[in-house]
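Read through the structure below, which is laid out as structure tokens, and then see the notes.
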Amino acid sequence: MPTRDRPPAQGGPPGSPVVVRGAAGNLNSAGHLLWLVRTGRARTRSELQSFTGLSRSTLVARIDALRAAGYLRRSGVEESTGGRPAELLEFDTDHGLVLVADLGANHARAAVLDAGGALLHEEHEHIKIGSGPAFVLDWVDAAFGRLLAASGQPSSRVRGIGVGVPGPVEYDAGVVTEPPIMPGWDGVPIADRLRSTWGCPVFVDNDANLMALGEQVAFYPDCPALLLVKVATGIGAGIVVDGRVYRGIDGGAGDIGHIRLAGFPEARCECGLYGCLSAVASGLALAQRLTSGGTPTQSGPELVERIRVGHGEAVHLAREAGRLVGEVLATVVCLVNPGVLVIAGDLAETHFVTGVREMLYTYALPRATRHLEVTTSRLGPQSAVTGAHAMVIDEIYSPSAVDAELAAPPAVDLSRTR
């Protein structure tokens with residue numbers, strides 16, 4: 001499993017505890033020890049002791065508790081350099097399962113993964129998010145059931161669920177708020193709805209956020225700031241800073257599709273305003289413009305097919321859309337100063353990217369782009385799945401969550417008391 005956070009700075013006298021950024025809670029707790037092992041910072045007892053400064057007896061007791069609860073397992077021994085080789089520890093990826101649903105404007109993907117991120121089974125369906133929450137979430141429930149059956153796993157092994165949606169999300173509540181392209185979803189408590197069915201923690205986030213997190217986890221774990229822009233039916237962005245998604249105050253961070261452009265007063269956006277970037281440069285907007293020009297095109301994917309076969313007007317529209325998005329991104333890049341900019345979505349492998357690069361490097365300060373890597377999504381359709389899994393794992397295996405579970409009294413088997 002890829003390391004989520006950047007390696008800590010080393011310092012202080014030998015043997016002193018090392019304060020590690022990103023680990024909340026008691027830095028001497030069992031949950032923190034698991035975090036150190038899970039994120040690849042420590043592999044042996046001596047390394048854990050160096051990080052925490054715990055006494056040997058306390059350290060052993062906490063490691064034993066983690067192993068007894070199924071969080072840690074032995075993974076062999078370190079190569080000996082003389083003396084007794086050290087036992088290697090690793091996060092036990094068999095501890096449980098994670099269910100994931102990636103819901104787009106016109107698609108739905110469901111998957112079951114182990115705790116380490118290995119994909120066990122998945123399924124994909126062309127479902128419109130506009131079909132409404134009842135229909136879509138019923139499909140999610142049914143798909144989860146089918147995936148568990150195909151995996152031969154009981155629902156009791158599911159540790160958490162992650163869901164990505166194409167709209168703003170109030171993260172702590174798991175509620176979609178005023179989503180422009182999700183009619184009927186405003187205020188729907190997605191997390192509560194799925195939690196009542198599956199009886200486990202449920203976390204919901206915007207799909208661009210999860211795509212950004214997925215790319216960062218898989219390929220850029222040491223990048224301090226990553227920006228992903230998804231251009232599909234709409235346009236949105238995800239920002240990951242120091243291994244964590246930046247969501248803003250109420251989940252609205254990254255909503256660049258509703259930055260308004262001058263010169264497009266007649267381009268009405270689905271949010272109700274005019275001149276929004278999404279209304280001018282998204283896949284859906286370009287498909288509509290191509291249709292009005294005499295070439296019927298129903299969707300972004302159909303537009304992409306026309307681009308791939310060399311349709312002149314489609315190619316022109318894609319590049320011009322990239323130029324508009326690139327001009328907006330020049331400002332965003334100067335503000336965020338990311339190390340990596342990922343272009344994702346339907347238009348990511350077209351002339352659109354050429355237009356983005358052209359305007360980005362023209363308008364952004366050289367200082368802001370000097371060390372910027374501009375690339376396209378390497379995970380493709382799996383980016384949101386990977387990100388949703390990472391979101392769930394970070395929540396349910398956080399130091400505080402693990403400590404709380406270890407401190408909870410064991411469940412009583414009532415059948416034995418009768």
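Within each chain, counting starts at residue 1; across the structure tokens, chains are named A, B, ... in the order shown, with ligands numbered 1 upward in that order.
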Need the shell around Arg67 in chain A: protein/DNA/RNA residues with any atom at most 12 Å away, counting only C-alpha atoms. Skip same-chain ones fewer than 2 positions apart. Format as a list in words? Ala30, Gly31, Leu33, Leu34, Val60, Ala61, Arg62, Ile63, Asp64, Ala65, Ala69, Gly70, Tyr71, Leu72, Arg73, Arg74, Leu89, Glu90, Phe91, Asp92, His95 and Leu406 of chain A
Please write the residues from the selection above to a file, keeping C-alpha atoms, as a PDB file, in the first residue's frame.
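Listed below is the output, selection38.pdb:
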ATOM      1  CA  ALA A  30      -1.036   1.633  19.930  1.00  0.00           C
ATOM      2  CA  GLY A  31      -2.963   3.364  17.155  1.00  0.00           C
ATOM      3  CA  LEU A  33       2.306   2.526  16.285  1.00  0.00           C
ATOM      4  CA  LEU A  34      -0.008   1.016  13.678  1.00  0.00           C
ATOM      5  CA  VAL A  60       5.884  -4.961  23.264  1.00  0.00           C
ATOM      6  CA  ALA A  61       2.543  -4.830  25.094  1.00  0.00           C
ATOM      7  CA  ARG A  62       1.064  -2.476  22.495  1.00  0.00           C
ATOM      8  CA  ILE A  63       2.394  -4.448  19.562  1.00  0.00           C
ATOM      9  CA  ASP A  64       0.946  -7.618  21.087  1.00  0.00           C
ATOM     10  CA  ALA A  65      -2.444  -5.900  21.443  1.00  0.00           C
ATOM     11  CA  ALA A  69      -6.719  -7.618  17.282  1.00  0.00           C
ATOM     12  CA  GLY A  70      -5.586  -8.500  13.762  1.00  0.00           C
ATOM     13  CA  TYR A  71      -4.043  -5.133  12.864  1.00  0.00           C
ATOM     14  CA  LEU A  72      -0.431  -6.258  12.606  1.00  0.00           C
ATOM     15  CA  ARG A  73       1.293  -9.396  11.404  1.00  0.00           C
ATOM     16  CA  ARG A  74       4.835 -10.698  11.145  1.00  0.00           C
ATOM     17  CA  LEU A  89       6.069  -6.070  11.086  1.00  0.00           C
ATOM     18  CA  GLU A  90       3.428  -5.083   8.545  1.00  0.00           C
ATOM     19  CA  PHE A  91      -0.174  -3.933   8.416  1.00  0.00           C
ATOM     20  CA  ASP A  92      -2.446  -6.969   8.082  1.00  0.00           C
ATOM     21  CA  HIS A  95      -8.113  -7.247   8.597  1.00  0.00           C
ATOM     22  CA  LEU A 406      -8.849  -1.413  21.248  1.00  0.00           C
TER      23      LEU A 406
END
Quick one: residues within 6 Å of range 181-184 of chain A, only C-alpha atoms counted, chain neighbours fewer than 2 positions away excluded, as a ChimeraX atom specification? /A:130,132,179,186
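Each of A:Leu341, A:Leu97, A:Ser282, A:His124 was compared to Gly152 in chain A using only C-alpha atoms, and A:Leu97 turns out to be the nearest.
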Got a sec: who's within 8 Å of Ser383 in chain A, counting only C-alpha atoms, leaving out chain neighbours fewer than 4 positions off, as a PyMOL selection string? chain A and resi 210-215+377+379+387
Filtering to C-alpha atoms, could you give me those residues as a PDB file, in the first residue's frame?
ATOM      1  CA  LEU A 210     -11.079  11.300  -4.713  1.00  0.00           C
ATOM      2  CA  MET A 211      -9.459  11.167  -8.149  1.00  0.00           C
ATOM      3  CA  ALA A 212      -6.789  13.598  -6.944  1.00  0.00           C
ATOM      4  CA  LEU A 213      -6.223  11.524  -3.821  1.00  0.00           C
ATOM      5  CA  GLY A 214      -6.024   8.319  -5.878  1.00  0.00           C
ATOM      6  CA  GLU A 215      -3.376   9.728  -8.212  1.00  0.00           C
ATOM      7  CA  SER A 377      -4.367  10.643 -15.254  1.00  0.00           C
ATOM      8  CA  LEU A 379      -5.134   5.533 -13.180  1.00  0.00           C
ATOM      9  CA  GLY A 387      -8.929   7.545  -3.768  1.00  0.00           C
TER      10      GLY A 387
END
Residues of range 113-238 of chain A classed as strand (DSSP E) by DSSP on the backbone are to be reported as a PyMOL selection string. chain A and resi 113-114+119-125+158-165+169-170+175-176+202-206+225-231+235-238
